[in-house]
file coords17.txt (compact mmCIF, C-alpha atoms)
# COMPACT_ATOMS: atom_id res chain seq x y z
CA MET A 1 -88.69 -88.94 -26.51
CA PHE A 2 -87.43 -88.27 -30.02
CA HIS A 3 -85.34 -91.06 -31.49
CA ASP A 4 -84.39 -88.93 -34.48
CA PRO A 5 -82.44 -85.86 -33.28
CA GLU A 6 -82.61 -84.34 -36.77
CA VAL A 7 -86.42 -84.16 -36.64
CA LEU A 8 -86.30 -82.61 -33.18
CA ALA A 9 -83.77 -80.03 -34.32
CA ARG A 10 -85.75 -79.12 -37.43
CA LEU A 11 -89.01 -78.70 -35.50
CA THR A 12 -87.57 -76.70 -32.63
CA ASN A 13 -85.34 -74.52 -34.81
CA TRP A 14 -88.28 -73.69 -37.05
CA LEU A 15 -90.58 -72.81 -34.17
CA PHE A 16 -87.95 -70.65 -32.49
CA ALA A 17 -87.43 -68.82 -35.79
CA HIS A 18 -91.02 -68.61 -37.09
CA ARG A 19 -93.02 -69.47 -33.98
CA GLN A 20 -95.73 -71.40 -35.83
CA ILE A 21 -96.33 -74.31 -38.19
CA ARG A 22 -99.61 -74.39 -40.10
CA THR A 23 -100.72 -77.80 -41.31
CA ARG A 24 -103.17 -76.17 -43.73
CA ILE A 25 -103.53 -72.57 -44.84
CA PRO A 26 -106.44 -70.41 -46.02
CA LYS A 27 -106.78 -69.36 -49.64
CA GLY A 28 -104.67 -66.34 -50.51
CA LEU A 29 -101.84 -67.32 -48.14
CA ARG A 30 -98.73 -69.35 -48.82
CA PHE A 31 -96.65 -71.86 -46.90
CA LYS A 32 -93.21 -70.60 -45.98
CA ASP A 33 -90.28 -72.40 -47.56
CA GLY A 34 -89.75 -75.63 -45.62
CA GLU A 35 -93.02 -75.44 -43.68
CA LYS A 36 -94.81 -78.18 -45.63
CA ASP A 37 -91.95 -80.61 -44.96
CA LEU A 38 -92.42 -80.10 -41.22
CA VAL A 39 -96.17 -80.71 -41.58
CA MET A 40 -95.34 -84.23 -42.71
CA GLU A 41 -93.19 -84.72 -39.61
CA ILE A 42 -95.96 -83.43 -37.32
CA GLU A 43 -98.40 -85.98 -38.72
CA HIS A 44 -96.19 -88.74 -37.33
CA LEU A 45 -95.89 -87.36 -33.79
CA ASN A 46 -97.63 -89.07 -30.90
CA SER A 47 -98.63 -87.86 -27.43
CA ASP A 48 -95.20 -88.66 -25.99
CA HIS A 49 -93.54 -86.50 -28.62
CA VAL A 50 -95.92 -83.64 -27.86
CA ALA A 51 -95.25 -83.93 -24.13
CA TYR A 52 -91.50 -83.86 -24.78
CA LEU A 53 -91.80 -80.75 -26.99
CA THR A 54 -93.98 -79.06 -24.38
CA ASP A 55 -91.32 -79.54 -21.71
CA TYR A 56 -88.55 -78.57 -24.11
CA PHE A 57 -90.08 -75.19 -24.96
CA SER A 58 -91.16 -74.45 -21.40
CA PHE A 59 -87.53 -74.51 -20.30
CA SER A 60 -86.88 -71.70 -22.80
CA GLY A 61 -89.81 -69.57 -21.63
CA PHE A 62 -92.35 -70.65 -24.24
CA SER A 63 -95.63 -72.52 -24.12
CA LEU A 64 -96.36 -74.96 -26.94
CA GLN A 65 -99.97 -74.49 -28.03
CA ILE A 66 -101.84 -76.50 -30.66
CA PHE A 67 -104.92 -74.87 -32.13
CA SER A 68 -107.41 -77.02 -34.06
CA TRP A 69 -109.93 -76.14 -36.75
CA THR A 70 -112.66 -77.61 -34.53
CA GLU A 71 -111.99 -75.01 -31.83
CA TYR A 72 -111.03 -71.83 -33.66
CA PRO A 73 -112.43 -70.15 -36.76
CA GLY A 74 -110.16 -69.29 -39.64
CA ILE A 75 -108.28 -72.60 -39.65
CA PRO A 76 -109.07 -74.68 -42.78
CA THR A 77 -110.97 -77.92 -42.27
CA GLY A 78 -108.72 -80.60 -40.83
CA GLY A 79 -105.98 -78.11 -40.04
CA GLN A 80 -103.96 -77.26 -36.97
CA ILE A 81 -101.61 -74.47 -35.97
CA TRP A 82 -98.66 -75.44 -33.80
CA CYS A 83 -97.13 -72.40 -32.17
CA ILE A 84 -95.00 -71.29 -29.26
CA VAL A 85 -96.26 -68.41 -27.14
CA ARG A 86 -93.99 -66.54 -24.74
CA SER A 87 -94.93 -67.46 -21.19
CA GLY A 88 -94.11 -66.62 -17.60
CA ASP A 89 -93.70 -63.37 -15.70
CA ASN A 90 -90.55 -62.46 -17.61
CA PRO A 91 -91.17 -63.71 -21.15
CA PRO A 92 -88.36 -63.67 -23.71
CA PRO A 93 -88.79 -60.69 -26.08
CA TRP A 94 -89.28 -61.07 -29.79
CA ILE A 95 -86.04 -59.21 -30.38
CA SER A 96 -83.36 -57.39 -28.41
CA GLN A 97 -83.58 -53.66 -27.75
CA LYS A 98 -80.69 -53.09 -30.14
CA GLU A 99 -82.42 -54.99 -32.92
CA ALA A 100 -85.69 -53.23 -32.16
CA ARG A 101 -83.97 -49.90 -32.71
CA LEU A 102 -82.61 -51.11 -36.03
CA ARG A 103 -85.99 -52.53 -37.12
CA PHE A 104 -88.15 -49.58 -36.04
CA GLY A 105 -85.77 -46.67 -36.39
CA LEU A 106 -84.74 -44.54 -39.33
CA ARG A 107 -81.36 -43.03 -40.06
CA GLY A 108 -80.29 -40.68 -37.28
CA ASP A 109 -82.77 -42.00 -34.70
CA SER A 110 -81.67 -42.16 -31.08
CA SER A 111 -82.75 -44.93 -28.73
CA ARG A 112 -85.58 -42.76 -27.48
CA ASP A 113 -86.73 -41.94 -31.01
CA ALA A 114 -87.09 -45.62 -31.86
CA ASN A 115 -88.73 -46.45 -28.53
CA VAL A 116 -91.32 -43.68 -28.70
CA TRP A 117 -92.23 -44.55 -32.27
CA ALA A 118 -92.44 -48.29 -31.53
CA PHE A 119 -94.75 -47.54 -28.62
CA THR A 120 -96.94 -45.23 -30.71
CA LEU A 121 -97.20 -47.59 -33.67
CA TYR A 122 -98.01 -50.57 -31.47
CA LEU A 123 -100.77 -48.70 -29.65
CA HIS A 124 -102.38 -47.74 -32.95
CA TYR A 125 -102.11 -51.30 -34.22
CA LEU A 126 -103.92 -52.40 -31.06
CA HIS A 127 -106.55 -49.77 -31.79
CA LEU A 128 -107.28 -51.39 -35.16
CA ALA A 129 -107.15 -54.93 -33.77
CA TYR A 130 -109.06 -54.37 -30.53
CA THR A 131 -110.45 -50.94 -29.63
CA LYS A 132 -112.08 -50.30 -33.01
CA LEU A 133 -113.73 -53.73 -32.85
CA ASP A 134 -114.80 -53.36 -29.20
CA ARG A 135 -112.75 -56.48 -28.53
CA HIS A 136 -111.02 -57.52 -25.32
CA PRO A 137 -107.47 -58.92 -25.62
CA GLN A 138 -108.68 -62.23 -24.18
CA GLU A 139 -111.05 -62.74 -27.13
CA ILE A 140 -108.56 -64.78 -29.10
CA SER A 141 -111.04 -66.29 -31.56
CA ARG A 142 -111.95 -62.82 -32.86
CA TYR A 143 -108.59 -62.60 -34.59
CA VAL A 144 -110.52 -63.43 -37.77
CA ASP A 145 -112.27 -60.03 -37.51
CA VAL A 146 -109.00 -58.11 -37.81
CA VAL A 147 -108.43 -56.94 -41.38
CA PHE A 148 -106.69 -53.66 -42.14
CA THR A 149 -104.46 -52.03 -44.72
CA GLU A 150 -101.12 -50.34 -44.34
CA GLU A 151 -102.78 -47.14 -45.48
CA ALA A 152 -105.33 -47.36 -42.65
CA LEU A 153 -102.59 -47.58 -40.04
CA VAL A 154 -100.69 -44.71 -41.66
CA GLN A 155 -103.85 -42.59 -41.59
CA ILE A 156 -104.66 -42.98 -37.91
CA VAL A 157 -101.02 -42.46 -36.90
CA ARG A 158 -100.81 -39.31 -39.02
CA GLU A 159 -104.07 -38.00 -37.55
CA PHE A 160 -102.71 -38.62 -34.06
CA VAL A 161 -99.44 -36.86 -34.83
CA ASN A 162 -101.21 -33.90 -36.43
CA LYS A 163 -103.43 -33.51 -33.38
CA LEU A 164 -100.38 -33.60 -31.12
CA ALA A 165 -98.76 -30.88 -33.22
CA GLU A 166 -101.85 -28.68 -32.92
CA GLU A 167 -102.48 -29.13 -29.21
CA HIS A 168 -99.13 -29.95 -27.62
CA ALA A 169 -96.41 -28.67 -29.96
CA ASN A 170 -92.94 -29.03 -28.38
CA LYS A 171 -94.51 -29.72 -24.98
CA THR A 172 -92.13 -32.60 -24.26
CA THR A 173 -89.30 -34.44 -25.94
CA ALA A 174 -91.63 -37.28 -26.90
CA VAL A 175 -94.10 -34.91 -28.56
CA SER A 176 -91.25 -33.28 -30.46
CA ILE A 177 -90.05 -36.69 -31.67
CA LEU A 178 -93.48 -37.56 -33.02
CA THR A 179 -94.25 -34.18 -34.56
CA ASN A 180 -90.90 -33.55 -36.24
CA GLU A 181 -91.61 -36.00 -39.02
CA SER A 182 -91.34 -34.87 -42.61
CA GLY A 183 -92.04 -36.27 -46.05
CA GLN A 184 -92.83 -39.99 -46.11
CA GLU A 185 -91.25 -40.83 -42.75
CA ILE A 186 -94.49 -42.03 -41.15
CA GLU A 187 -95.13 -44.31 -44.13
CA ARG A 188 -91.63 -45.77 -43.83
CA ARG A 189 -91.99 -46.31 -40.09
CA VAL A 190 -95.35 -48.03 -40.51
CA SER A 191 -93.94 -50.22 -43.28
CA ASN A 192 -91.00 -51.27 -41.06
CA PHE A 193 -93.33 -51.94 -38.15
CA LEU A 194 -95.74 -54.11 -40.16
CA GLY A 195 -92.79 -55.95 -41.65
CA PHE A 196 -91.67 -56.78 -38.12
CA LEU A 197 -95.11 -58.05 -37.06
CA ASP A 198 -95.31 -60.11 -40.24
CA SER A 199 -91.86 -61.62 -39.77
CA THR A 200 -92.69 -62.66 -36.20
CA GLY A 201 -95.94 -64.34 -37.26
CA CYS A 202 -98.25 -61.89 -35.50
CA ILE A 203 -99.92 -60.72 -38.70
CA SER A 204 -100.09 -62.01 -42.24
CA PHE A 205 -100.53 -60.28 -45.59
CA ASN A 206 -103.16 -61.49 -48.04
CA LYS A 207 -102.11 -60.62 -51.59
CA ASN A 208 -105.63 -61.12 -52.92
CA ASP A 209 -107.16 -58.59 -50.53
CA LYS A 210 -103.98 -56.47 -50.27
CA ALA A 211 -104.64 -56.29 -46.54
CA TYR A 212 -103.16 -57.50 -43.26
CA SER A 213 -104.85 -59.88 -40.85
CA GLN A 214 -104.00 -60.79 -37.30
CA THR A 215 -102.89 -64.40 -36.87
CA LEU A 216 -104.04 -66.80 -34.22
CA LEU A 217 -100.48 -66.74 -32.87
CA GLY A 218 -100.58 -62.95 -32.68
CA ALA A 219 -103.89 -63.01 -30.82
CA ALA A 220 -102.66 -65.66 -28.37
CA ASP A 221 -99.52 -63.65 -27.66
CA VAL A 222 -101.46 -60.46 -26.97
CA ALA A 223 -103.88 -62.35 -24.73
CA GLU A 224 -100.95 -63.65 -22.71
CA HIS A 225 -99.03 -60.40 -22.43
CA TYR A 226 -101.27 -57.46 -23.33
CA SER A 227 -100.59 -55.75 -20.01
CA ARG A 228 -96.82 -55.72 -20.55
CA GLU A 229 -96.36 -56.51 -24.24
CA ILE A 230 -93.77 -53.93 -25.26
CA THR A 231 -92.17 -52.95 -21.98
CA TYR A 232 -88.77 -53.68 -23.45
CA LEU A 233 -89.36 -51.19 -26.28
CA VAL A 234 -90.45 -48.09 -24.39
CA PRO A 235 -88.50 -45.64 -22.21
CA ARG A 236 -90.37 -46.59 -19.03
CA PRO A 237 -90.05 -49.46 -16.56
CA GLU A 238 -93.75 -50.29 -16.81
CA ILE A 239 -96.68 -49.79 -19.16
CA ASN A 240 -100.09 -49.07 -17.70
CA SER A 241 -103.23 -47.16 -18.60
CA GLU A 242 -101.49 -43.84 -17.91
CA ALA A 243 -98.35 -44.61 -19.92
CA LEU A 244 -99.12 -42.55 -23.02
CA LYS A 245 -100.31 -39.60 -20.95
CA GLU A 246 -97.17 -39.73 -18.81
CA ILE A 247 -94.89 -39.90 -21.83
CA LEU A 248 -96.57 -36.86 -23.34
CA VAL A 249 -96.50 -34.66 -20.25
CA GLU A 250 -93.26 -35.69 -18.52
CA ASP A 251 -89.73 -35.38 -19.83
CA GLU A 252 -87.07 -37.96 -19.05
CA PRO A 253 -83.28 -37.89 -19.43
CA GLU A 254 -82.01 -39.29 -22.69
CA ASP A 255 -80.51 -42.78 -22.27
CA ASP A 256 -78.62 -43.09 -25.51
CA ASN A 257 -78.12 -40.51 -28.22
CA GLU A 258 -76.12 -42.72 -30.52
CA PRO A 259 -77.92 -42.86 -33.88
CA ASP A 260 -78.74 -46.12 -35.64
CA GLN A 261 -78.66 -46.83 -39.33
CA GLU A 262 -81.87 -47.19 -41.30
CA ASN A 263 -83.10 -50.69 -41.97

call {"tool": "encode", "arguments": {"input": "coords17.txt", "output": "structure tokens"}}
result
Amino acid sequence: MFHDPEVLARLTNWLFAHRQIRTRIPKGLRFKDGEKDLVMEIEHLNSDHVAYLTDYFSFSGFSLQIFSWTEYPGIPTGGQIWCIVRSGDNPPPWISQKEARLRFGLRGDSSRDANVWAFTLYLHYLHLAYTKLDRHPQEISRYVDVVFTEEALVQIVREFVNKLAEEHANKTTAVSILTNESGQEIERRVSNFLGFLDSTGCISFNKNDKAYSQTLLGAADVAEHYSREITYLVPRPEINSEALKEILVEDEPEDDNEPDQEN
């Protein structure tokens, strides 16, 4: 039990907002404002405190997980990462559908526009983080192998869209959404998407390498939910191995044509 409600509030509010506290960080990365102060509080917690926090987060649909440098690569010597991972059969989403549309969409996008693009960008991120590395989602410790640039993600998305335009032009609404891009729209969408993953602690940006890396939190979250990770972002009740094929070859009625404003 926590005898100091202020400490409990600071720890839980931070984890709900940022989802992780790193007691030490690798070179090239920085502590977030206020994170180091919480590290000092963590150092004074005992097993009873940890048990209380575990129960506290579980009631909100999260699992408190503590990763140690002795168990996972990429954590500096003596360091730990305290994080909350969404748990259960109906995990709380990172953000609401409305916010997702605002974060992923551009000016004039409908709900379907934002959903289709979020789905497409996420699949290509998974390609860089898993498929390209011949890595299964359960291989959490291989998060250290994931290093990519914004330009690399833009390139594979653009290649995918160009191939769609050549082979399936205007075949379905979804194909039209993806192939009607112009100018620097793909670059802007990728930038918004990576900004979202960074803000939710799933990836981090290393200024020295000018590249993104997957975080241990991001890997743990994918391992827990890879089979249903973005169901709340796509215009289908379920995601499975046939999802992309179905979206490309089957039209669906538009749910909401109201445009959103660009982020």

call {"tool": "atom_distance", "arguments": {"input": "coords17.txt", "atom1": "CA of Leu8 (chain A)", "atom2": "CA of Glu43 (chain A)"}}
result
13.7 Å

call {"tool": "atom_distance", "arguments": {"input": "coords17.txt", "atom1": "CA of Thr200 (chain A)", "atom2": "CA of Ala17 (chain A)"}}
result
8.1 Å

call {"tool": "atom_distance", "arguments": {"input": "coords17.txt", "atom1": "CA of Arg22 (chain A)", "atom2": "CA of Arg189 (chain A)"}}
result
29.1 Å

call {"tool": "closest_residue", "arguments": {"input": "coords17.txt", "among": "A:His168, A:Arg135, A:Arg188, A:Arg19", "to": "Arg107 (chain A)", "atoms": "only C-alpha atoms"}}
result
A:Arg188

call {"tool": "closest_residue", "arguments": {"input": "coords17.txt", "among": "A:Asp4, A:Ala118, A:Asn46, A:Asp37", "to": "Leu106 (chain A)", "atoms": "only C-alpha atoms"}}
result
A:Ala118

call {"tool": "closest_residue", "arguments": {"input": "coords17.txt", "among": "A:Ile75, A:Val175, A:Val190, A:Leu123", "to": "Thr149 (chain A)", "atoms": "only C-alpha atoms"}}
result
A:Val190

call {"tool": "residues_around", "arguments": {"input": "coords17.txt", "residues": "Ala223 (chain A)", "least_positions_apart": "6", "cutoff": "7 Å", "atoms": "all atoms listed in the file", "output": "mmCIF file with C-alpha atoms, in the coordinates of the input"}}
result
data_model
loop_
_atom_site.group_PDB
_atom_site.id
_atom_site.type_symbol
_atom_site.label_atom_id
_atom_site.label_comp_id
_atom_site.auth_asym_id
_atom_site.auth_seq_id
_atom_site.Cartn_x
_atom_site.Cartn_y
_atom_site.Cartn_z
ATOM 1 C CA PRO A 137 -107.470 -58.920 -25.620
ATOM 2 C CA GLN A 138 -108.680 -62.230 -24.180
ATOM 3 C CA ILE A 140 -108.560 -64.780 -29.100
#

call {"tool": "closest_residue", "arguments": {"input": "coords17.txt", "among": "A:Asp48, A:Leu197, A:Leu38, A:Asp221", "to": "Tyr122 (chain A)", "atoms": "all atoms listed in the file"}}
result
A:Leu197

call {"tool": "residues_around", "arguments": {"input": "coords17.txt", "residues": "Thr179 (chain A)", "least_positions_apart": "5", "cutoff": "10 Å", "atoms": "all atoms listed in the file", "output": "list in words"}}
result
Arg158, Phe160, Val161, Asn162, Lys163, Leu164, Ala165, Glu166, His168, Ala169, Asn170, Thr173 and Ala174 of chain A

call {"tool": "write_last_selection", "arguments": {"input": "coords17.txt", "atoms": "C-alpha atoms", "output": "PDB file, in the frame of the given file"}}
result
ATOM      1  CA  ARG A 158    -100.810 -39.310 -39.020  1.00  0.00           C
ATOM      2  CA  PHE A 160    -102.710 -38.620 -34.060  1.00  0.00           C
ATOM      3  CA  VAL A 161     -99.440 -36.860 -34.830  1.00  0.00           C
ATOM      4  CA  ASN A 162    -101.210 -33.900 -36.430  1.00  0.00           C
ATOM      5  CA  LYS A 163    -103.430 -33.510 -33.380  1.00  0.00           C
ATOM      6  CA  LEU A 164    -100.380 -33.600 -31.120  1.00  0.00           C
ATOM      7  CA  ALA A 165     -98.760 -30.880 -33.220  1.00  0.00           C
ATOM      8  CA  GLU A 166    -101.850 -28.680 -32.920  1.00  0.00           C
ATOM      9  CA  HIS A 168     -99.130 -29.950 -27.620  1.00  0.00           C
ATOM     10  CA  ALA A 169     -96.410 -28.670 -29.960  1.00  0.00           C
ATOM     11  CA  ASN A 170     -92.940 -29.030 -28.380  1.00  0.00           C
ATOM     12  CA  THR A 173     -89.300 -34.440 -25.940  1.00  0.00           C
ATOM     13  CA  ALA A 174     -91.630 -37.280 -26.900  1.00  0.00           C
TER      14      ALA A 174
END

call {"tool": "closest_residue", "arguments": {"input": "coords17.txt", "among": "A:Ser141, A:Thr215, A:Thr120, A:Gln155", "to": "Phe104 (chain A)", "atoms": "only C-alpha atoms"}}
result
A:Thr120

call {"tool": "closest_residue", "arguments": {"input": "coords17.txt", "among": "A:Asn13, A:Asn115, A:His44, A:Thr23", "to": "Gly79 (chain A)", "atoms": "all atoms listed in the file"}}
result
A:Thr23

call {"tool": "residues_around", "arguments": {"input": "coords17.txt", "residues": "Lys32 (chain A)", "least_positions_apart": "6", "cutoff": "12 Å", "atoms": "only C-alpha atoms", "output": "PDB file with C-alpha atoms, in the coordinates of the input"}}
result
ATOM      1  CA  TRP A  14     -88.280 -73.690 -37.050  1.00  0.00           C
ATOM      2  CA  ALA A  17     -87.430 -68.820 -35.790  1.00  0.00           C
ATOM      3  CA  HIS A  18     -91.020 -68.610 -37.090  1.00  0.00           C
ATOM      4  CA  GLN A  20     -95.730 -71.400 -35.830  1.00  0.00           C
ATOM      5  CA  ILE A  21     -96.330 -74.310 -38.190  1.00  0.00           C
ATOM      6  CA  ARG A  22     -99.610 -74.390 -40.100  1.00  0.00           C
ATOM      7  CA  THR A  23    -100.720 -77.800 -41.310  1.00  0.00           C
ATOM      8  CA  ARG A  24    -103.170 -76.170 -43.730  1.00  0.00           C
ATOM      9  CA  ILE A  25    -103.530 -72.570 -44.840  1.00  0.00           C
ATOM     10  CA  LEU A  38     -92.420 -80.100 -41.220  1.00  0.00           C
ATOM     11  CA  VAL A  39     -96.170 -80.710 -41.580  1.00  0.00           C
ATOM     12  CA  SER A 199     -91.860 -61.620 -39.770  1.00  0.00           C
ATOM     13  CA  GLY A 201     -95.940 -64.340 -37.260  1.00  0.00           C
ATOM     14  CA  SER A 204    -100.090 -62.010 -42.240  1.00  0.00           C
TER      15      SER A 204
END

call {"tool": "residues_near_point", "arguments": {"input": "coords17.txt", "point": "(-91.1, -76.7, -22.8)", "cutoff": "12 Å", "atoms": "only C-alpha atoms", "output": "JSON, numbers by chain"}}
result
{"A": [12, 16, 49, 50, 51, 52, 53, 54, 55, 56, 57, 58, 59, 60, 61, 62, 63, 64, 65, 83, 84, 85, 86, 87, 88]}

call {"tool": "residues_near_point", "arguments": {"input": "coords17.txt", "point": "(-108.1, -52.1, -31.2)", "cutoff": "12 Å", "atoms": "only C-alpha atoms", "output": "NGL selection string"}}
result
:A and (122-137 or 139 or 142-143 or 145-148 or 153 or 156 or 214 or 219 or 222 or 226)

call {"tool": "axis_aligned_box", "arguments": {"input": "coords17.txt", "around": "region 15-19 of chain A", "padding_each_side": "5 Å", "output": "AutoDock Vina command-line options"}}
result
--center_x -90.2 --center_y -70.7 --center_z -34.8 --size_x 15.6 --size_y 14.2 --size_z 14.6

call {"tool": "residues_around", "arguments": {"input": "coords17.txt", "residues": "Leu29 (chain A)", "least_positions_apart": "5", "cutoff": "9 Å", "atoms": "all atoms listed in the file", "output": "list in words"}}
result
Ser204, Phe205, Asn206, Lys207 and Asn208 of chain A

call {"tool": "write_last_selection", "arguments": {"input": "coords17.txt", "atoms": "C-alpha atoms", "output": "PDB file, keeping the file's coordinate frame"}}
result
ATOM      1  CA  SER A 204    -100.090 -62.010 -42.240  1.00  0.00           C
ATOM      2  CA  PHE A 205    -100.530 -60.280 -45.590  1.00  0.00           C
ATOM      3  CA  ASN A 206    -103.160 -61.490 -48.040  1.00  0.00           C
ATOM      4  CA  LYS A 207    -102.110 -60.620 -51.590  1.00  0.00           C
ATOM      5  CA  ASN A 208    -105.630 -61.120 -52.920  1.00  0.00           C
TER       6      ASN A 208
END
